[in-house]
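Novice: Dumping the structure here so I can ask a few things about it.
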Amino acid sequence: MELITKAELPVGQCEIKHSDRLMLIGSCFTENIGNRLMASKFRCDVNPFGILYNPMSIHEALTQLINKKCYTSDDVMEYRGMWFSMMHHSSFSSDDRNICLDNINTRIESSSEFLLKADWILITFGTARVYTWNENGRIVGNCHKLNDKLFTRSILDVDGIVEAYSSLISSIRDINPNVKFMFTVSPIRHAKDGMHGNQISKSVLLLSIDKICFSNYKCYYFPSYEILMDELRDYRFYADDMLHPSAMAVDYIWEKFSESFFGRQTTDVIKAWNEISRALGHKPFNPKSEAYAGFLSQILLKIEVLKEKFPYLDVEKEMKLCRTLLKK
């Protein structure tokens, strides 16, 4: 007996491998998947501007990476002793303007280079509602808790999103012809809009992505929103706020992501690395014992074998850790 309504997965449409370079950008759901990918030793650049929720802020961020924008004093502002950019998450902010600018420009420089070589750009839309800064009429990525009266709130339309992204995809492919795109809609509900308002917003995003993928080649959709809404239709799969997915739900969506895009070899590498990672997390009874030294030597050997077989895996930190512990 089938007890759930399953979302249709894009199994077999495309494959993601450890040799690929993945740029992930968008809402906090991007961070959930990005952290899983990095923990599994994929080469990722996750949210180079910090968390962004709406399609136009994500569009602007990618455009700035294409143009290798250099931020100056005119691009940041100060409030309550902190300097920040309206396009960036507060993690880039600082009480020192020069440090704030350095945080922003250093990341743009590295992410612009990453974009040139990226095999995949994974984009997660969170909401179709935007805040426009009244002073210059520009959509912001982050309001930084400024007074609501300084902004005008509105909702994007499908045609505007589709037109902007068709142009953006073309611009990115001018500098990186082989890049592929994957879109998804965050399953996190925006309660501020009300449940009906949230559904309207998500509908705009879903319709936009459908049109973008239909009219642009090598663009794919992963149904994270549908998986949580339909397959996991129970509040036990939500966090305490009843809006964000629980850790169990994120685990489940990750499994579906893996099922959709990972081949046998990729799955085997993830399994092998998970075993190594668990072993590295082991706390010894006696760190100076011969038994523990032998245990570390076996872990180091496994890492070296994996690295030899898959030279693009970044495991230098773990190898260094093992060697350091062996010298103690």
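Order determines the names: the first chain of the structure tokens is A, the second B, and so forth; residues in each chain are numbered 1 upward, and ligands are numbered 1 upward as they are shown.
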Applying 12 Å and only C-alpha atoms, which residues near Glu259 in chain A remain after dropping the ones on its own chain fewer than 2 positions away? List them as a ChimeraX atom specification.
Specialist: /A:8-16,222,252-257,261-264,266-267
Novice: Could you make a table, as JSON lines, of the residues of range 107-210 of chain A that have an atom within 8 Å of an atom of range 77-99 of chain A, each with its nearest atom pair and distance in Å to one decimal, counting only C-alpha atoms, in chain and number order?
Specialist:
{"residue": "A:Val140", "atom": "CA", "partner": "A:Met86", "partner_atom": "CA", "distance": 5.5}
{"residue": "A:Gly141", "atom": "CA", "partner": "A:Met87", "partner_atom": "CA", "distance": 4.5}
{"residue": "A:Asn142", "atom": "CA", "partner": "A:Met86", "partner_atom": "CA", "distance": 5.3}
{"residue": "A:Cys143", "atom": "CA", "partner": "A:Met86", "partner_atom": "CA", "distance": 6.5}
{"residue": "A:His144", "atom": "CA", "partner": "A:Ser90", "partner_atom": "CA", "distance": 7.0}
Novice: What does the file look like for those residues with C-alpha atoms, as a short mmCIF file (atom, residue, chain, number, x, y, z; two decimals), in the first residue's frame?
Specialist:
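Below you can see out-v8.cif, which holds the result:
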data_model
loop_
_atom_site.label_atom_id
_atom_site.label_comp_id
_atom_site.auth_asym_id
_atom_site.auth_seq_id
_atom_site.Cartn_x
_atom_site.Cartn_y
_atom_site.Cartn_z
CA VAL A 140 17.84 44.99 -2.03
CA GLY A 141 19.13 41.60 -0.98
CA ASN A 142 19.02 42.37 2.74
CA CYS A 143 17.21 45.08 4.71
CA HIS A 144 19.56 44.82 7.73
#
Novice: Between A:Val305, A:Cys219, A:Ile58, A:Ala249, which is the closest to Arg233 in chain A once you count only C-alpha atoms?
Specialist: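 The closest residue to Arg233 in chain A is A:Ala249.
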Novice: Please identify the strand (DSSP E or B) residues within range 86-241 of chain A (assignment by DSSP from backbone atoms) and present them as a list in words.
Specialist: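 Selecting the strand (DSSP E or B) positions of range 86-241 of chain A gives Ser94, Trp120, Ile121, Leu122, Ile123, Thr124, Phe125, Arg129, Val130, Tyr131, Thr132, Trp133, Arg138, Ile139, Phe151, Thr152, Arg153, Ser154, Ile155, Lys180, Phe181, Met182, Phe183, Thr184, Val185, Cys219, Tyr220, Tyr221 and Tyr238 of chain A.
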Novice: Identify which of the residues A:Gln64, A:Ser27, A:Asn134, A:Ser258 lies closest to Pro187 in chain A, counting only C-alpha atoms when measuring atom-to-atom distances.
Specialist: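 Of A:Gln64, A:Ser27, A:Asn134, A:Ser258, the one nearest Pro187 in chain A, counting only C-alpha atoms, is A:Ser27.
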